[in-house]
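Student: File query_13.pdb follows (PDB, C-alpha atoms):
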```
ATOM      1  CA  MET I   1      97.257 147.279 157.859
ATOM      2  CA  SER I   2      99.459 144.348 156.852
ATOM      3  CA  ARG I   3      97.965 141.508 154.872
ATOM      4  CA  LEU I   4      99.249 137.954 155.043
ATOM      5  CA  ARG I   5      99.316 135.328 152.331
ATOM      6  CA  ILE I   6      97.995 131.867 153.039
ATOM      7  CA  GLY I   7     101.433 130.243 153.278
ATOM      8  CA  GLN I   8     102.550 132.699 155.928
ATOM      9  CA  VAL I   9      99.299 132.299 157.856
ATOM     10  CA  ALA I  10      99.648 128.511 157.790
ATOM     11  CA  ARG I  11     103.309 128.593 158.836
ATOM     12  CA  GLU I  12     102.670 130.953 161.736
ATOM     13  CA  ALA I  13      99.715 128.876 162.932
ATOM     14  CA  GLY I  14     101.595 125.596 162.547
ATOM     15  CA  ILE I  15      98.974 124.136 160.219
ATOM     16  CA  SER I  16      98.828 123.287 156.551
ATOM     17  CA  VAL I  17      97.579 125.550 153.793
ATOM     18  CA  GLU I  18      94.814 122.988 153.205
ATOM     19  CA  THR I  19      93.700 123.370 156.826
ATOM     20  CA  VAL I  20      93.513 127.153 156.443
ATOM     21  CA  ARG I  21      91.354 126.669 153.340
ATOM     22  CA  TYR I  22      89.202 124.123 155.185
ATOM     23  CA  TYR I  23      88.628 126.504 158.096
ATOM     24  CA  GLU I  24      87.657 129.136 155.565
ATOM     25  CA  GLN I  25      85.196 126.749 153.887
ATOM     26  CA  ARG I  26      83.719 125.824 157.279
ATOM     27  CA  GLY I  27      83.283 129.504 158.135
ATOM     28  CA  LEU I  28      85.696 129.440 161.087
ATOM     29  CA  ILE I  29      87.730 132.214 159.499
ATOM     30  CA  GLU I  30      86.444 134.830 157.127
ATOM     31  CA  ALA I  31      87.136 134.496 153.441
ATOM     32  CA  PRO I  32      89.996 136.886 152.756
ATOM     33  CA  ARG I  33      90.100 139.454 150.049
ATOM     34  CA  ARG I  34      92.041 138.575 146.932
ATOM     35  CA  SER I  35      94.960 140.496 145.535
ATOM     36  CA  ASP I  36      94.945 141.626 141.924
ATOM     37  CA  ALA I  37      96.968 138.478 141.193
ATOM     38  CA  GLY I  38      94.336 136.318 142.906
ATOM     39  CA  TYR I  39      96.257 135.556 146.099
ATOM     40  CA  ARG I  40      94.373 135.261 149.365
ATOM     41  CA  GLU I  41      95.333 138.166 151.625
ATOM     42  CA  TYR I  42      94.406 137.659 155.259
ATOM     43  CA  PRO I  43      94.270 140.392 157.882
ATOM     44  CA  ALA I  44      96.728 140.039 160.773
ATOM     45  CA  SER I  45      93.756 139.324 163.062
ATOM     46  CA  VAL I  46      93.472 135.848 161.513
ATOM     47  CA  ARG I  47      96.402 134.843 163.766
ATOM     48  CA  GLU I  48      94.286 135.282 166.895
ATOM     49  CA  ARG I  49      91.370 133.411 165.348
ATOM     50  CA  LEU I  50      93.574 130.472 164.365
ATOM     51  CA  ALA I  51      95.137 130.421 167.835
ATOM     52  CA  PHE I  52      91.624 130.320 169.359
ATOM     53  CA  ILE I  53      90.716 127.387 167.105
ATOM     54  CA  ALA I  54      93.937 125.548 167.951
ATOM     55  CA  ARG I  55      93.428 126.002 171.694
ATOM     56  CA  GLY I  56      89.822 124.825 171.406
ATOM     57  CA  LYS I  57      90.869 121.734 169.490
ATOM     58  CA  ALA I  58      93.649 121.042 172.019
ATOM     59  CA  LEU I  59      90.941 120.985 174.714
ATOM     60  CA  GLY I  60      89.030 118.362 172.727
ATOM     61  CA  PHE I  61      86.365 120.557 171.169
ATOM     62  CA  SER I  62      85.137 119.633 167.706
ATOM     63  CA  LEU I  63      85.189 122.289 165.001
ATOM     64  CA  ASP I  64      81.429 122.728 165.407
ATOM     65  CA  GLU I  65      81.921 123.291 169.128
ATOM     66  CA  VAL I  66      84.769 125.715 168.421
ATOM     67  CA  ARG I  67      82.415 127.594 166.105
ATOM     68  CA  GLU I  68      79.871 127.836 168.949
ATOM     69  CA  LEU I  69      82.559 129.197 171.250
ATOM     70  CA  LEU I  70      83.686 131.680 168.587
ATOM     71  CA  ASP I  71      80.094 132.819 168.156
ATOM     72  CA  LEU I  72      79.748 133.293 171.911
ATOM     73  CA  GLN I  73      83.013 135.220 172.044
ATOM     74  CA  LEU I  74      81.818 137.569 169.305
ATOM     75  CA  ASP I  75      78.301 138.025 170.731
ATOM     76  CA  ALA I  76      78.275 141.058 173.023
ATOM     77  CA  ASP I  77      75.056 139.763 174.614
ATOM     78  CA  ALA I  78      76.320 136.224 175.205
ATOM     79  CA  ASP I  79      76.145 134.901 178.722
ATOM     80  CA  ARG I  80      79.027 133.207 180.551
ATOM     81  CA  ALA I  81      76.636 130.423 181.521
ATOM     82  CA  ALA I  82      76.424 129.420 177.859
ATOM     83  CA  VAL I  83      80.203 129.190 177.634
ATOM     84  CA  LYS I  84      80.432 127.252 180.872
ATOM     85  CA  GLY I  85      77.628 124.981 179.691
ATOM     86  CA  LEU I  86      79.622 124.001 176.609
ATOM     87  CA  VAL I  87      82.646 123.204 178.772
ATOM     88  CA  GLU I  88      80.553 121.151 181.188
ATOM     89  CA  GLU I  89      78.968 119.227 178.294
ATOM     90  CA  LYS I  90      82.457 118.416 177.023
ATOM     91  CA  MET I  91      83.541 117.279 180.492
ATOM     92  CA  ALA I  92      80.502 114.982 180.765
ATOM     93  CA  LEU I  93      81.318 113.464 177.382
ATOM     94  CA  ILE I  94      84.939 112.915 178.457
ATOM     95  CA  ASP I  95      83.768 111.324 181.725
ATOM     96  CA  ALA I  96      81.530 108.924 179.771
ATOM     97  CA  LYS I  97      84.383 108.018 177.431
ATOM     98  CA  MET I  98      86.724 107.457 180.365
ATOM     99  CA  ALA I  99      84.179 105.138 182.019
ATOM    100  CA  GLU I 100      83.820 103.173 178.790
ATOM    101  CA  LEU I 101      87.603 102.916 178.409
ATOM    102  CA  ALA I 102      87.909 101.719 182.029
ATOM    103  CA  ARG I 103      85.261  99.053 181.358
ATOM    104  CA  LEU I 104      87.098  97.930 178.211
ATOM    105  CA  ARG I 105      90.408  97.823 180.057
ATOM    106  CA  GLY I 106      88.851  95.707 182.795
ATOM    107  CA  SER I 107      87.517  93.253 180.227
ATOM    108  CA  LEU I 108      90.880  93.012 178.512
ATOM    109  CA  ALA I 109      92.678  92.569 181.847
ATOM    110  CA  GLN I 110      90.343  89.717 182.751
ATOM    111  CA  LEU I 111      91.024  88.014 179.421
ATOM    112  CA  SER I 112      94.762  88.563 179.821
ATOM    113  CA  ARG I 113      94.705  86.920 183.289
ATOM    114  CA  GLN I 114      93.080  83.831 181.760
ATOM    115  CA  CYS I 115      95.919  83.289 179.281
ATOM    116  CA  ASP I 116      99.399  82.296 180.464
ATOM    117  CA  GLY I 117     100.897  83.454 177.158
ATOM    118  CA  SER I 118     102.776  80.238 176.448
ATOM    119  CA  GLY I 119     102.313  77.441 173.960
ATOM    120  CA  SER I 120     100.129  77.176 170.907
ATOM    121  CA  ALA I 121      97.397  79.694 170.205
ATOM    122  CA  LYS I 122      95.016  76.740 169.801
ATOM    123  CA  GLY I 123      92.853  76.709 172.885
ATOM    124  CA  CYS I 124      93.849  80.240 173.934
ATOM    125  CA  PRO I 125      91.077  81.584 176.187
ATOM    126  CA  ILE I 126      91.341  85.026 174.584
ATOM    127  CA  LEU I 127      90.702  83.603 171.115
ATOM    128  CA  ALA I 128      87.969  81.342 172.510
ATOM    129  CA  TYR I 129      86.196  84.393 173.870
ATOM    130  CA  LEU I 130      86.464  86.206 170.549
ATOM    131  CA  VAL I 131      85.186  83.184 168.633
ATOM    132  CA  GLN I 132      82.439  82.016 170.994
ATOM    133  CA  GLY I 133      81.825  84.899 173.353
ATOM    134  CA  THR I 134      82.724  82.734 176.311
ATOM    135  CA  SER I 135      85.834  82.246 178.337
ATOM    136  CA  GLU I 136      86.883  80.376 181.473
ATOM    137  CA  ALA I 137      85.267  83.131 183.521
ATOM    138  CA  ASP I 138      82.306  83.158 181.070
ATOM    139  CA  ALA I 139      82.853  86.662 179.668
ATOM    140  CA  PRO I 140      84.823  89.683 180.697
TER     141      PRO I 140
END
```
Output the structure of this file as structure tokens.
Tutor:
Amino acid sequence: MSRLRIGQVAREAGISVETVRYYEQRGLIEAPRRSDAGYREYPASVRERLAFIARGKALGFSLDEVRELLDLQLDADADRAAVKGLVEEKMALIDAKMAELARLRGSLAQLSRQCDGSGSAKGCPILAYLVQGTSEADAP
């Protein structure tokens, strides 16, 4: 079985050596055996694990959530409902963030409409809102 050094693992995964070490410290990948010279020697299977982590992160999962998904993947008795539940929790969190961002955008748009963007900043309704919490429309 071929063993890979940390630099090769990092290069192939498109991450830094420090990230590989961090994943090892966090328990996302197993600590590799060491060569007689003290080099980390990873099994080829680490490629699949790092790809799993990368795909999970690309979907917005935190490393703790990725660890939960890894645990479910490795648990022969795990139920699909648990996996789906994690995905649905993530979707609900994204929906809440999107609603908050839409609210913020609406507030900013209202402030932007109140300012014609010309002349001195003195008396700017945007700055007045930030200073006093009030604007011509009395708050976004």
Student: Kindly indicate which residue among I:Ala54, I:Leu69, I:Cys115, I:Gln110 lies nearest to I:Ala82, using all atoms listed in the file for the distances.
Tutor: I:Leu69
Student: Take atom CA of I:Asp71 and atom CA of I:Met91 and report the distance between them in Å, one decimal.
Tutor: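 Computing it gives 20.1 Å between the two atoms.
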Student: Between atom CA of I:Arg47 and atom CA of I:Ile94, what is the distance in Å, rounded to a tenth?
Tutor: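 Going from atom CA of I:Arg47 over to atom CA of I:Ile94, I get 28.8 Å.
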Student: Could you tell me which of I:Val46, I:Val66, I:Ile15, I:Ala81 comes closest to I:Glu30 if we count only C-alpha atoms?
Tutor: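 Checking each candidate against I:Glu30, we get I:Val46 as the closest.
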Student: Output the residue selection produced by the PyMOL selection byres ((chain I and resi 48-51) around 9) on the file above, formatted as a list in words.
Tutor: Val9, Ala13, Val20, Tyr23, Leu28, Ile29, Ala44, Ser45, Val46, Arg47, Phe52, Ile53, Ala54, Arg55, Gly56 and Leu70 of chain I
Student: Hey, can you check how far atom CA of I:Gly123 sits from atom CA of I:Gly106?
Tutor: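 A separation of 21.8 Å between them.
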Student: Give me the result of the PyMOL selection byres ((chain I and resi 40) around 10) on this file, residue by residue, as an MDAnalysis selection string.
Tutor: chainID I and resid 3:7 21 31:39 41:43
Student: Using the chain letters and numbers from the file, give me the residues hit by the PyMOL selection byres ((chain I and resi 108) around 12), as a PyMOL selection string.
Tutor: chain I and resi 101-107+109-115+125-127+129-130+135+139-140
Student: Using the file's own x, y and z axes, so that the box edges lie along x, y and z, what centre and edge lengths in Å (one decimal) does a box around every listed atom of stretch 94-112 of chain I get when 4 Å is added on each side? Give it as JSON.
Tutor:
```
{"center_x": 88.1, "center_y": 100.5, "center_z": 180.1, "size_x": 21.2, "size_y": 32.9, "size_z": 13.4}
```
Student: So, counting only C-alpha atoms, which residue among I:Ala78, I:Gln73, I:Ala96, I:Leu86 is closest to I:Phe61?
Tutor: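 That would be I:Leu86, the residue with the smallest distance to I:Phe61.
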Student: Ranking I:Ala58, I:Ala128, I:Leu63, I:Ala10 by minimum distance to I:Arg26 and counting all atoms listed in the file, which one comes first?
Tutor: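 With all atoms listed in the file as the atom set, the closest residue is I:Leu63.
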